[in-house]
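**Student:** If you scroll down you'll find the structure; I have some questions about it.
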2 protein chains.
Amino acid sequence: MSDRQHVTLEDVARTAEVSLATASRALNGTTRVRDDLRERVLSAAAELAYTPNAHAQALAGGSRRTVGVICHDISDPYFAAITRGVMRVADSHGLLVMLAGTFADPDRELACVSTLRAQRASAILLTGSAFEDRAWERRMAAELEPYRRGGGRVAVVTRHRSLKADTIAPDNRGGARALVEAMHRLGHRRFAVVTGPPQLTTVADRVAGFREGLAGLGVELSDRDVFAGSFDRDGGYDATRALLSAKHKATCVLAASDVMAVGAVSALRAAGLSVPEDVSVTGFDDVPLVRDFVPGLTTVSLPLERIGAEALELALDESGGAGRGRVRRLSGEVLVRESTAKPRRRRRG
Amino acid sequence: MSDRQHVTLEDVARTAEVSLATASRALNGTTRVRDDLRERVLSAAAELAYTPNAHAQALAGGSRRTVGVICHDISDPYFAAITRGVMRVADSHGLLVMLAGTFADPDRELACVSTLRAQRASAILLTGSAFEDRAWERRMAAELEPYRRGGGRVAVVTRHRSLKADTIAPDNRGGARALVEAMHRLGHRRFAVVTGPPQLTTVADRVAGFREGLAGLGVELSDRDVFAGSFDRDGGYDATRALLSAKHKATCVLAASDVMAVGAVSALRAAGLSVPEDVSVTGFDDVPLVRDFVPGLTTVSLPLERIGAEALELALDESGGAGRGRVRRLSGEVLVRESTAKPRRRRRG
DNA sequence: CTGTTAGCGCTTTCAA
DNA sequence: TTGAAAGCGCTAACAG
């Protein structure tokens with residue numbers, strides 16, 4: 001009650017003229033409390049604008065009311081959509097989301113786990129790609145292991161090799177394969193890929209899918225057909241400029257994400273080319289706002305919000321082999337829209 | 001060390017054969033500790049994969065390592081950009097962001113503050129609009145007041161009447177005024193507004209700005225020129241459909257946000273109209289991805305990331321009248337792009 | 001510089 | 001049912 005001080009349960013108990021234990025029980029509904037006492041406690045709490053100290057609660061062995069979400073960049077609509085899904089589920093469980101952004105920095109990712117561990121988050125969700133890096137994986141595993149031992153739950157989105165965590169696995173590879181098959185059907189034979197850093201498993205899987213699908217159709221995708229930039233809009237723009245300077249003759253540019261595709265289209269336009277008349281462009285993800293682009297972006301649609309929601313549900317679900325690498329696969333759907341068309345100079349298969 | 005248990009500072013101290021206090025000091029660097037002892041503590045901590053229990057730390061009067069951000073919907077690029085700015089600053093202060101989404105529900109907003117209060121967040125940032133509702137304001141103030149008394153810091157983005165909190169105030173009104181003036185200069189005389197719920201202060205301010213600016217130019221904006229929907233893409237779409245069914249003869253549609261503008265453009269297109277040939281459309285915010293839309297959206301550019309960053313900085317800054325309603329104004333800039341053109345049937349002023 | 005000790009605010013036995 | 005009391009893990013006096 002004094003200045004710059006919190007109202008504590010003790011204040012409430014005193015005001016209500018009951019013991020601490022009774023006040024606690026009345027507030028939490030753990031045990032039956034005589035009605036009149038409960039009333040007194042409740043009104044005292046309201047009167048004093050009491051809010052329990054979550055730290056004290058957590059420390060006393062009570063609740064773990066938070067979950068941690070680690071993403072690369074919340075302003076990327078891919079992560080924003082996933083996080084939204086997480087938040088919906090968190091909300092329905094009365095959990096608060098602690099959000100950490102790593103800006104795709106492996107070390108920061110590790111540091112975030114450590115912080116979330118310190119916060120005793122009830123679950124940690126790794127929503128960004130893993131990094132294809134043995135040493136990193138080892139360190140991450142070392143960080144996660146004691147967290148789990150302490151009762152923490154972990155779920156990851158996309159493949160995290162050797163982390164044996166519960167996983168929500170969007171079918172990047174299969175989606176990529178299906179996409180190139182559709183483009184091949186449309187008549188395309190010369191492709192280029194505009195992509196992010198290959199160490200990201202998401203990127204690696206998608207590119208592998210492109211390559212596989214094309215190989216199955218007798219089209220080879222060499223390293224000279226792959227242009228990498230940062231995994232964002234500007235990366236798409238830059239990689240496409242590189243492609244243009246290399247005078248690549250692709251009739252179809254495969255971007256590793258919708259956001260990169262947006263950059264790609266802009267770069268193409270800036271160079272005086274039109275989409276899809278001169279070049280076809282595809283994306284990946286089907287993120288919300290991009291759906292309204294004109295021309296509509298051909299892409300692989302992923303249920304982003306659901307991915308986030310299921311990641312948290314999976315982490316929270318204690319049943320069946322919990323924590324021991326359960327994998328839930330989610331497939332994508334190829335959406336052919338107006339950013340792709342038959343290539344100008346068509347050749348028969 | 002036993003199963004399903006956390007490694008505590010005591011374990012570390014025991015392993016390092018020092019006292020609890022020494023272990024604490026070695027880890028936190030609060031006081032000088034003999035080098036060899038510190039070494040022992042550090043290596044014991046590393047060996048045991050020790051992570052301090054943030055709850056215990058907070059409870060013991062140590063750190064407050066988190067800040068709370070309350071937004072309406074993280075998948076809205078407006079909030080995503082602001083939150084990104086917040087996270088950047090949080091990161092540089094070693095703070096973790098606790099993110100709460102209210103989906104523009106006033107009650108949930110209140111509940112979020114309460115939760116964040118319980119978590120003893122060092123600051124709470126209200127990034128969504130306030131609701132123009134006396135009762136709500138009172139309740140919000142009642143929730144915030146004890147939080148502040150306990151040393152909590154509060155900052156809000158956009159006007160929150162009677163909350164007398166530190167405020168980052170983007171100049172919605174002035175920006176809106178400047179925007180309509182630019183459109184008037186282009187030759188437009190008949191306007192319609194596609195907007196969100198008028199209870200949101202952001203919406204109210206922008207519409208007021210439109211109205212004011214137009215009035216100054218001798219153009220009246222009546223209630224029949226204003227079409228409201230939800231404050232998102234679909235709201236923009238729906239409101240525009242309503243506008244269309246009402247056979248409104250606007251030559252320029254003023255959307256209350258970029259995201260709504262995207263919906264508006266789509267609705268117009270679906271009705272067979274082209275932008276800007278048949279109708280001009282403007283947005284507000286200049287959110288990232290929309291910058292790549294074609295036609296480029298005429299809008300008022302707001303420094304969203306900076307708004308988020310400054311909100312947290314302001315909250316954290318204890319100097320000068322801290323907490324007592326300091327206001328930092330940020331102005332927007334009118335960006336005329338290709339979604340607006342001279343109206344078909346031009347008339348002289 | 002190091003160790004001992006008293007809390008921080010709450011939950012939860014254990015008795016009454 | 002209710003109350004007293006023992007921690008949860010850590011920090012910060014306070015002595016040594």
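Identifiers in the structure tokens: chain A, B, ... in order shown; residue index from 1 per chain; ligand index from 1 in order shown.
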Using only C-alpha atoms (C1' of nucleotides), which residues sit within 8 Å of DT11 of chain D once same-chain residues fewer than 3 positions away are excluded, as a list in words?
**Tutor:**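 Once the adjacent positions are removed, what remains is Ser24, Gln57, Ala60, Gly61 and Gly62 of chain B.
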**Student:** Would you save the residues of that selection, restricted to N, CA and C atoms, as a CSV table (one decimal), in the first residue's frame?
**Tutor:**
chain,number,residue,atom,x,y,z
B,24,SER,N,26.5,-16.4,-7.0
B,24,SER,CA,25.6,-15.3,-7.6
B,24,SER,C,26.4,-14.2,-8.1
B,57,GLN,N,14.8,-14.6,-9.7
B,57,GLN,CA,15.6,-13.4,-9.8
B,57,GLN,C,14.6,-12.2,-9.6
B,60,ALA,N,13.4,-11.9,-6.1
B,60,ALA,CA,14.4,-11.4,-5.1
B,60,ALA,C,14.7,-9.9,-5.3
B,61,GLY,N,13.9,-9.3,-6.2
B,61,GLY,CA,14.1,-7.9,-6.3
B,61,GLY,C,15.1,-7.5,-7.4
B,62,GLY,N,15.6,-8.5,-8.1
B,62,GLY,CA,16.5,-8.2,-9.1
B,62,GLY,C,15.8,-7.7,-10.4
**Student:** I'd like the neighbourhood of Ser230 of chain B as a list in words, where a residue qualifies if any of its atoms comes within 12 Å (using only C-alpha atoms (C1' of nucleotides)), though same-chain residues fewer than 4 positions away should be ignored.
**Tutor:** Phe103, Ala104, Val194, Thr195, Gly196, Pro197, Pro198, Gln199, Leu200, Val203, Asp234, Gly235, Gly236, Tyr237, Asp238, Ala239, Thr240, Ala255, Ala256, Ser257, Val259, Met260 and Gly263 of chain B
**Student:** Could the residues in this selection be written to a file with N, CA and C atoms, as a PDB file, in the first residue's frame?
**Tutor:**
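Printed below is again30.pdb as written:
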ATOM      1  N   PHE B 103      -7.162  -8.764 -30.754  1.00  0.00           N
ATOM      2  CA  PHE B 103      -8.129  -8.848 -31.832  1.00  0.00           C
ATOM      3  C   PHE B 103      -9.160  -7.733 -31.687  1.00  0.00           C
ATOM      4  N   ALA B 104      -8.660  -6.582 -31.266  1.00  0.00           N
ATOM      5  CA  ALA B 104      -9.464  -5.369 -31.144  1.00  0.00           C
ATOM      6  C   ALA B 104     -10.658  -5.522 -30.203  1.00  0.00           C
ATOM      7  N   VAL B 194     -13.420   4.839 -46.927  1.00  0.00           N
ATOM      8  CA  VAL B 194     -13.587   3.431 -46.579  1.00  0.00           C
ATOM      9  C   VAL B 194     -12.795   3.245 -45.300  1.00  0.00           C
ATOM     10  N   THR B 195     -13.510   2.938 -44.237  1.00  0.00           N
ATOM     11  CA  THR B 195     -12.863   3.030 -42.934  1.00  0.00           C
ATOM     12  C   THR B 195     -13.232   1.924 -41.965  1.00  0.00           C
ATOM     13  N   GLY B 196     -12.550   1.932 -40.822  1.00  0.00           N
ATOM     14  CA  GLY B 196     -12.804   0.950 -39.782  1.00  0.00           C
ATOM     15  C   GLY B 196     -13.782   1.480 -38.753  1.00  0.00           C
ATOM     16  N   PRO B 197     -13.924   0.772 -37.649  1.00  0.00           N
ATOM     17  CA  PRO B 197     -14.851   1.172 -36.595  1.00  0.00           C
ATOM     18  C   PRO B 197     -14.471   2.556 -36.054  1.00  0.00           C
ATOM     19  N   PRO B 198     -15.407   3.481 -36.028  1.00  0.00           N
ATOM     20  CA  PRO B 198     -15.115   4.845 -35.602  1.00  0.00           C
ATOM     21  C   PRO B 198     -14.742   4.967 -34.128  1.00  0.00           C
ATOM     22  N   GLN B 199     -14.948   3.902 -33.345  1.00  0.00           N
ATOM     23  CA  GLN B 199     -14.555   3.979 -31.940  1.00  0.00           C
ATOM     24  C   GLN B 199     -13.036   3.949 -31.778  1.00  0.00           C
ATOM     25  N   LEU B 200     -12.347   3.453 -32.808  1.00  0.00           N
ATOM     26  CA  LEU B 200     -10.892   3.422 -32.705  1.00  0.00           C
ATOM     27  C   LEU B 200     -10.363   4.827 -32.939  1.00  0.00           C
ATOM     28  N   VAL B 203      -8.735   5.514 -36.325  1.00  0.00           N
ATOM     29  CA  VAL B 203      -9.727   5.672 -37.382  1.00  0.00           C
ATOM     30  C   VAL B 203     -10.402   7.040 -37.268  1.00  0.00           C
ATOM     31  N   ASP B 234     -10.359  -7.324 -45.318  1.00  0.00           N
ATOM     32  CA  ASP B 234     -11.729  -7.704 -45.649  1.00  0.00           C
ATOM     33  C   ASP B 234     -12.701  -6.563 -45.376  1.00  0.00           C
ATOM     34  N   GLY B 235     -12.429  -5.807 -44.333  1.00  0.00           N
ATOM     35  CA  GLY B 235     -13.268  -4.649 -44.054  1.00  0.00           C
ATOM     36  C   GLY B 235     -13.209  -3.657 -45.207  1.00  0.00           C
ATOM     37  N   GLY B 236     -12.029  -3.503 -45.764  1.00  0.00           N
ATOM     38  CA  GLY B 236     -11.867  -2.600 -46.903  1.00  0.00           C
ATOM     39  C   GLY B 236     -12.648  -3.102 -48.102  1.00  0.00           C
ATOM     40  N   TYR B 237     -12.605  -4.395 -48.272  1.00  0.00           N
ATOM     41  CA  TYR B 237     -13.315  -5.004 -49.396  1.00  0.00           C
ATOM     42  C   TYR B 237     -14.824  -4.811 -49.231  1.00  0.00           C
ATOM     43  N   ASP B 238     -15.300  -5.166 -48.053  1.00  0.00           N
ATOM     44  CA  ASP B 238     -16.738  -5.089 -47.790  1.00  0.00           C
ATOM     45  C   ASP B 238     -17.270  -3.657 -47.869  1.00  0.00           C
ATOM     46  N   ALA B 239     -16.548  -2.759 -47.241  1.00  0.00           N
ATOM     47  CA  ALA B 239     -16.999  -1.372 -47.247  1.00  0.00           C
ATOM     48  C   ALA B 239     -17.056  -0.835 -48.680  1.00  0.00           C
ATOM     49  N   THR B 240     -16.107  -1.256 -49.472  1.00  0.00           N
ATOM     50  CA  THR B 240     -16.084  -0.788 -50.856  1.00  0.00           C
ATOM     51  C   THR B 240     -17.242  -1.376 -51.655  1.00  0.00           C
ATOM     52  N   ALA B 255      -9.035   5.308 -48.187  1.00  0.00           N
ATOM     53  CA  ALA B 255      -9.100   4.210 -47.219  1.00  0.00           C
ATOM     54  C   ALA B 255      -8.359   4.630 -45.954  1.00  0.00           C
ATOM     55  N   ALA B 256      -8.814   4.105 -44.835  1.00  0.00           N
ATOM     56  CA  ALA B 256      -8.236   4.515 -43.555  1.00  0.00           C
ATOM     57  C   ALA B 256      -6.897   3.841 -43.267  1.00  0.00           C
ATOM     58  N   SER B 257      -6.528   2.883 -44.077  1.00  0.00           N
ATOM     59  CA  SER B 257      -5.216   2.253 -43.915  1.00  0.00           C
ATOM     60  C   SER B 257      -4.823   1.590 -45.230  1.00  0.00           C
ATOM     61  N   VAL B 259      -3.903  -1.432 -45.613  1.00  0.00           N
ATOM     62  CA  VAL B 259      -4.480  -2.760 -45.655  1.00  0.00           C
ATOM     63  C   VAL B 259      -5.934  -2.694 -46.129  1.00  0.00           C
ATOM     64  N   MET B 260      -6.664  -1.718 -45.631  1.00  0.00           N
ATOM     65  CA  MET B 260      -8.038  -1.546 -46.119  1.00  0.00           C
ATOM     66  C   MET B 260      -8.020  -1.158 -47.593  1.00  0.00           C
ATOM     67  N   GLY B 263      -7.905  -4.076 -49.839  1.00  0.00           N
ATOM     68  CA  GLY B 263      -9.229  -4.663 -49.999  1.00  0.00           C
ATOM     69  C   GLY B 263     -10.097  -3.822 -50.932  1.00  0.00           C
TER      70      GLY B 263
END
**Student:** Excluding Leu99 of chain B and any residue of its chain fewer than 5 positions from it, enumerate the residues within 9 Å of it, using only C-alpha atoms (C1' of nucleotides), and give them as a list in words.
**Tutor:**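 Within the cut-off, the hits are Met87, Leu96, Val97, Met98 and Leu99 of chain A; Val67, Gly68, Val69, Ile70, Cys71, Ile74 and Thr83 of chain B.
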**Student:** Just need the residues of chain B within 7 Å of chain A, counting only C-alpha atoms, so spit them out as a VMD selection string.
**Tutor:** chain B and resid 3 to 6 49 51 to 56 58 to 59 74 to 75 77 80 to 81 84 96 to 100 118 to 119 149 to 151 262 266 292 to 294
**Student:** Export N, CA and C atoms of the chosen residues as a short mmCIF file (atom, residue, chain, number, x, y, z; two decimals), in the first residue's frame?
**Tutor:**
data_model
loop_
_atom_site.label_atom_id
_atom_site.label_comp_id
_atom_site.auth_asym_id
_atom_site.auth_seq_id
_atom_site.Cartn_x
_atom_site.Cartn_y
_atom_site.Cartn_z
N ASP B 3 16.04 -36.26 -11.57
CA ASP B 3 15.21 -36.23 -12.75
C ASP B 3 14.11 -35.18 -12.67
N ARG B 4 13.82 -34.60 -13.84
CA ARG B 4 12.76 -33.61 -13.95
C ARG B 4 12.92 -32.50 -12.92
N GLN B 5 14.12 -32.00 -12.85
CA GLN B 5 14.39 -30.98 -11.88
C GLN B 5 15.34 -29.97 -12.50
N HIS B 6 15.28 -28.77 -11.98
CA HIS B 6 16.17 -27.76 -12.52
C HIS B 6 17.48 -27.70 -11.77
N ALA B 49 24.97 -26.81 -17.30
CA ALA B 49 23.99 -26.15 -18.17
C ALA B 49 23.00 -25.35 -17.32
N THR B 51 20.87 -22.39 -15.91
CA THR B 51 20.20 -21.16 -16.34
C THR B 51 19.49 -20.61 -15.12
N PRO B 52 19.73 -19.36 -14.81
CA PRO B 52 19.07 -18.80 -13.63
C PRO B 52 17.56 -18.83 -13.79
N ASN B 53 16.88 -18.96 -12.71
CA ASN B 53 15.44 -18.93 -12.75
C ASN B 53 15.00 -17.47 -12.69
N ALA B 54 14.51 -16.99 -13.84
CA ALA B 54 14.17 -15.58 -13.95
C ALA B 54 13.10 -15.19 -12.92
N HIS B 55 12.25 -16.13 -12.57
CA HIS B 55 11.21 -15.82 -11.59
C HIS B 55 11.82 -15.55 -10.23
N ALA B 56 12.76 -16.39 -9.88
CA ALA B 56 13.42 -16.20 -8.59
C ALA B 56 14.19 -14.88 -8.59
N ALA B 58 13.55 -12.23 -10.36
CA ALA B 58 12.61 -11.11 -10.30
C ALA B 58 12.06 -10.97 -8.90
N LEU B 59 11.75 -12.10 -8.31
CA LEU B 59 11.15 -12.06 -6.98
C LEU B 59 12.12 -11.51 -5.94
N ILE B 74 -1.17 -9.33 -34.65
CA ILE B 74 0.22 -9.31 -35.10
C ILE B 74 0.34 -9.59 -36.60
N SER B 75 -0.67 -10.18 -37.19
CA SER B 75 -0.55 -10.47 -38.62
C SER B 75 -0.93 -9.26 -39.47
N PRO B 77 0.26 -5.99 -40.91
CA PRO B 77 1.61 -5.47 -41.11
C PRO B 77 1.89 -4.18 -40.35
N ALA B 80 2.84 -5.50 -37.04
CA ALA B 80 4.07 -6.27 -37.19
C ALA B 80 5.27 -5.34 -37.29
N ALA B 81 5.11 -4.26 -38.03
CA ALA B 81 6.22 -3.33 -38.20
C ALA B 81 6.52 -2.61 -36.89
N ARG B 84 8.20 -4.96 -34.55
CA ARG B 84 9.59 -5.17 -34.94
C ARG B 84 10.47 -4.07 -34.35
N LEU B 96 13.03 -9.12 -22.98
CA LEU B 96 12.24 -10.05 -23.75
C LEU B 96 10.85 -9.45 -23.94
N VAL B 97 10.30 -9.62 -25.13
CA VAL B 97 8.99 -9.05 -25.41
C VAL B 97 7.88 -10.05 -25.16
N MET B 98 6.92 -9.66 -24.34
CA MET B 98 5.75 -10.49 -24.17
C MET B 98 4.65 -9.87 -25.01
N LEU B 99 4.18 -10.62 -25.96
CA LEU B 99 3.25 -10.08 -26.92
C LEU B 99 1.83 -10.55 -26.65
N ALA B 100 0.91 -9.62 -26.59
CA ALA B 100 -0.48 -9.99 -26.39
C ALA B 100 -1.32 -9.46 -27.53
N ALA B 118 0.75 -8.79 -13.86
CA ALA B 118 1.11 -9.95 -13.05
C ALA B 118 2.53 -10.41 -13.36
N GLN B 119 2.90 -10.29 -14.60
CA GLN B 119 4.24 -10.71 -15.01
C GLN B 119 5.29 -9.70 -14.62
N ARG B 149 2.19 2.61 -9.97
CA ARG B 149 2.60 2.78 -8.58
C ARG B 149 3.65 1.76 -8.21
N GLY B 150 3.55 0.59 -8.82
CA GLY B 150 4.52 -0.45 -8.54
C GLY B 150 5.80 -0.29 -9.35
N GLY B 151 5.92 0.86 -9.99
CA GLY B 151 7.14 1.11 -10.73
C GLY B 151 7.07 0.75 -12.21
N VAL B 262 -5.99 -2.08 -49.83
CA VAL B 262 -5.77 -3.28 -50.64
C VAL B 262 -7.12 -3.97 -50.89
N SER B 266 -9.17 -4.36 -54.53
CA SER B 266 -9.65 -5.65 -55.00
C SER B 266 -11.15 -5.63 -55.28
N ASP B 292 5.17 -2.65 -52.98
CA ASP B 292 5.45 -3.29 -54.26
C ASP B 292 4.19 -3.53 -55.09
N PHE B 293 3.06 -3.10 -54.57
CA PHE B 293 1.84 -3.26 -55.35
C PHE B 293 1.91 -2.43 -56.63
N VAL B 294 1.20 -2.92 -57.62
CA VAL B 294 1.03 -2.15 -58.85
C VAL B 294 -0.46 -2.05 -59.06
#
**Student:** Per DSSP on the backbone, filter segment 56-291 of chain B down to the residues in strand (DSSP E) and report them as a PyMOL selection string.
**Tutor:** chain B and resi 66-71+96-101+123-126+153-157+166-170+191-195+226-228+252-255+280-282
**Student:** Limited to N, CA and C atoms, could you put the picked residues into a file as a short mmCIF file (atom, residue, chain, number, x, y, z; two decimals), in the first residue's frame?
**Tutor:**
data_model
loop_
_atom_site.label_atom_id
_atom_site.label_comp_id
_atom_site.auth_asym_id
_atom_site.auth_seq_id
_atom_site.Cartn_x
_atom_site.Cartn_y
_atom_site.Cartn_z
N THR B 66 11.47 -8.13 -18.80
CA THR B 66 10.50 -8.24 -19.89
C THR B 66 9.71 -6.95 -20.10
N VAL B 67 9.25 -6.78 -21.31
CA VAL B 67 8.32 -5.68 -21.59
C VAL B 67 7.11 -6.29 -22.28
N GLY B 68 5.97 -5.70 -22.06
CA GLY B 68 4.76 -6.22 -22.66
C GLY B 68 4.31 -5.34 -23.82
N VAL B 69 3.91 -5.97 -24.89
CA VAL B 69 3.38 -5.22 -26.03
C VAL B 69 1.97 -5.72 -26.29
N ILE B 70 1.05 -4.80 -26.35
CA ILE B 70 -0.33 -5.20 -26.63
C ILE B 70 -0.71 -4.64 -28.00
N CYS B 71 -1.09 -5.52 -28.88
CA CYS B 71 -1.52 -5.06 -30.20
C CYS B 71 -2.83 -5.74 -30.56
N LEU B 96 13.03 -9.12 -22.98
CA LEU B 96 12.24 -10.05 -23.75
C LEU B 96 10.85 -9.45 -23.94
N VAL B 97 10.30 -9.62 -25.13
CA VAL B 97 8.99 -9.05 -25.41
C VAL B 97 7.88 -10.05 -25.16
N MET B 98 6.92 -9.66 -24.34
CA MET B 98 5.75 -10.49 -24.17
C MET B 98 4.65 -9.87 -25.01
N LEU B 99 4.18 -10.62 -25.96
CA LEU B 99 3.25 -10.08 -26.92
C LEU B 99 1.83 -10.55 -26.65
N ALA B 100 0.91 -9.62 -26.59
CA ALA B 100 -0.48 -9.99 -26.39
C ALA B 100 -1.32 -9.46 -27.53
N GLY B 101 -2.17 -10.28 -28.06
CA GLY B 101 -3.04 -9.86 -29.16
C GLY B 101 -4.47 -9.79 -28.67
N ALA B 123 7.72 -2.61 -18.61
CA ALA B 123 6.93 -1.60 -19.30
C ALA B 123 5.80 -2.26 -20.06
N ILE B 124 4.73 -1.52 -20.22
CA ILE B 124 3.62 -2.02 -21.03
C ILE B 124 3.40 -1.02 -22.14
N LEU B 125 3.36 -1.53 -23.36
CA LEU B 125 3.14 -0.68 -24.53
C LEU B 125 1.78 -0.98 -25.13
N LEU B 126 0.95 0.03 -25.20
CA LEU B 126 -0.35 -0.13 -25.85
C LEU B 126 -0.19 0.39 -27.27
N ARG B 153 6.19 1.07 -16.16
CA ARG B 153 6.20 2.18 -17.11
C ARG B 153 5.20 1.88 -18.21
N VAL B 154 4.52 2.91 -18.68
CA VAL B 154 3.50 2.73 -19.72
C VAL B 154 3.74 3.70 -20.87
N ALA B 155 3.61 3.20 -22.08
CA ALA B 155 3.64 4.11 -23.22
C ALA B 155 2.57 3.65 -24.20
N VAL B 156 1.99 4.59 -24.88
CA VAL B 156 0.94 4.25 -25.83
C VAL B 156 1.25 4.84 -27.19
N VAL B 157 0.78 4.15 -28.20
CA VAL B 157 0.92 4.66 -29.56
C VAL B 157 -0.44 5.21 -29.95
N ASP B 166 2.72 8.36 -21.38
CA ASP B 166 3.68 8.78 -22.39
C ASP B 166 3.16 8.31 -23.74
N THR B 167 3.23 9.18 -24.72
CA THR B 167 2.58 8.88 -25.99
C THR B 167 3.46 9.12 -27.20
N ILE B 168 3.41 8.17 -28.12
CA ILE B 168 3.99 8.39 -29.43
C ILE B 168 2.79 8.68 -30.31
N ALA B 169 2.74 9.86 -30.83
CA ALA B 169 1.55 10.27 -31.58
C ALA B 169 1.86 10.51 -33.04
N PRO B 170 1.58 9.54 -33.88
CA PRO B 170 1.73 9.78 -35.31
C PRO B 170 0.67 10.80 -35.70
N PHE B 191 -15.41 12.62 -52.94
CA PHE B 191 -14.66 11.62 -52.19
C PHE B 191 -15.57 10.66 -51.44
N ALA B 192 -15.04 9.49 -51.20
CA ALA B 192 -15.71 8.55 -50.29
C ALA B 192 -14.63 8.01 -49.37
N VAL B 193 -15.03 7.65 -48.17
CA VAL B 193 -14.07 7.12 -47.20
C VAL B 193 -14.43 5.67 -46.88
N VAL B 194 -13.42 4.84 -46.93
CA VAL B 194 -13.59 3.43 -46.58
C VAL B 194 -12.80 3.25 -45.30
N THR B 195 -13.51 2.94 -44.24
CA THR B 195 -12.86 3.03 -42.93
C THR B 195 -13.23 1.92 -41.97
N VAL B 226 -19.20 8.00 -45.99
CA VAL B 226 -18.30 7.19 -45.17
C VAL B 226 -18.81 5.76 -45.04
N PHE B 227 -17.98 4.82 -45.41
CA PHE B 227 -18.36 3.41 -45.36
C PHE B 227 -17.42 2.67 -44.41
N ALA B 228 -18.00 2.13 -43.37
CA ALA B 228 -17.17 1.48 -42.36
C ALA B 228 -17.26 -0.04 -42.41
N CYS B 252 -12.50 9.52 -55.97
CA CYS B 252 -11.35 9.14 -55.14
C CYS B 252 -11.83 8.48 -53.85
N VAL B 253 -11.35 7.28 -53.62
CA VAL B 253 -11.71 6.55 -52.40
C VAL B 253 -10.56 6.66 -51.41
N LEU B 254 -10.86 7.20 -50.24
CA LEU B 254 -9.85 7.36 -49.21
C LEU B 254 -10.00 6.21 -48.21
N ALA B 255 -9.04 5.31 -48.19
CA ALA B 255 -9.10 4.21 -47.22
C ALA B 255 -8.36 4.63 -45.95
N SER B 280 -9.66 6.66 -58.19
CA SER B 280 -8.38 6.74 -57.48
C SER B 280 -8.58 6.16 -56.09
N VAL B 281 -7.52 5.57 -55.54
CA VAL B 281 -7.60 5.00 -54.19
C VAL B 281 -6.36 5.42 -53.40
N THR B 282 -6.58 5.79 -52.16
CA THR B 282 -5.44 6.11 -51.30
C THR B 282 -5.45 5.23 -50.06
#
**Student:** For the interface of chain D with chain A (cut-off 8 Å, counting only C-alpha atoms (C1' of nucleotides)), please tabulate each contacting residue of chain D alongside its nearest pair of atoms and their separation in Å to one decimal, rows sorted by chain and increasing number, as a tab-separated table.
**Tutor:**
residue	atom	partner	partner_atom	distance
D:DT1	C1'	A:Val33	CA	6.5
D:DT2	C1'	A:Thr22	CA	6.9
D:DG3	C1'	A:Ser19	CA	6.3
D:DC8	C1'	A:Ala60	CA	4.6
D:DG9	C1'	A:Leu59	CA	7.4
**Student:** Export, as a short mmCIF file (atom, residue, chain, number, x, y, z; two decimals), in the first residue's frame, the selected residues with N, CA and C atoms (P, O5', C5', C4', C3', O3' and C1' of nucleotides).
**Tutor:**
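Full text of out11.cif as output:
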data_model
loop_
_atom_site.label_atom_id
_atom_site.label_comp_id
_atom_site.auth_asym_id
_atom_site.auth_seq_id
_atom_site.Cartn_x
_atom_site.Cartn_y
_atom_site.Cartn_z
P DT D 1 -16.08 -27.81 3.26
"O5'" DT D 1 -14.64 -27.14 3.37
"C5'" DT D 1 -14.39 -25.79 3.24
"C4'" DT D 1 -14.25 -25.27 4.65
"C3'" DT D 1 -13.29 -24.08 4.71
"O3'" DT D 1 -13.88 -23.02 5.40
"C1'" DT D 1 -12.60 -25.83 6.21
P DT D 2 -13.31 -21.62 5.36
"O5'" DT D 2 -12.03 -21.77 6.25
"C5'" DT D 2 -12.06 -21.33 7.59
"C4'" DT D 2 -10.75 -21.65 8.24
"C3'" DT D 2 -9.62 -20.69 7.85
"O3'" DT D 2 -9.43 -19.80 8.93
"C1'" DT D 2 -8.90 -22.97 8.06
P DG D 3 -8.42 -18.60 8.74
"O5'" DG D 3 -7.09 -19.24 9.32
"C5'" DG D 3 -7.10 -19.68 10.67
"C4'" DG D 3 -5.75 -20.26 11.03
"C3'" DG D 3 -4.56 -19.36 10.69
"O3'" DG D 3 -3.65 -19.43 11.78
"C1'" DG D 3 -4.27 -21.48 9.70
P DC D 8 12.95 -25.97 -1.49
"O5'" DC D 8 12.42 -25.16 -2.75
"C5'" DC D 8 11.40 -25.69 -3.59
"C4'" DC D 8 11.02 -24.61 -4.57
"C3'" DC D 8 12.24 -23.87 -5.11
"O3'" DC D 8 12.54 -24.40 -6.40
"C1'" DC D 8 10.47 -22.34 -4.42
P DG D 9 14.05 -24.88 -6.68
"O5'" DG D 9 14.79 -23.50 -6.96
"C5'" DG D 9 14.43 -22.73 -8.09
"C4'" DG D 9 15.09 -21.38 -7.99
"C3'" DG D 9 16.61 -21.44 -7.85
"O3'" DG D 9 17.15 -20.65 -8.89
"C1'" DG D 9 15.67 -19.99 -6.23
#
**Student:** Atom CA of Thr299 of chain A to atom CA of Asn172 of chain A: how many Å, to one decimal?
**Tutor:**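 Result for atom CA of Thr299 of chain A versus atom CA of Asn172 of chain A: 11.8 Å, one decimal.
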**Student:** So that I can see what lies close to Gly209 of chain B, please list as a list in words the residues with an atom at most 12 Å from it, counting only C-alpha atoms (C1' of nucleotides) and leaving out residues fewer than 3 positions away in the same chain.
**Tutor:**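 Using only C-alpha atoms (C1' of nucleotides), the neighbours found are Asp171, Asn172, Arg173, Gly174, Gly175, Ala176, Arg177, Ala178, Leu179, Val180, Glu181, Val193, Thr201, Thr202, Val203, Ala204, Asp205, Arg206, Glu212, Gly213, Leu214, Ala215, Gly216, Leu221, Leu254 and Ala256 of chain B.
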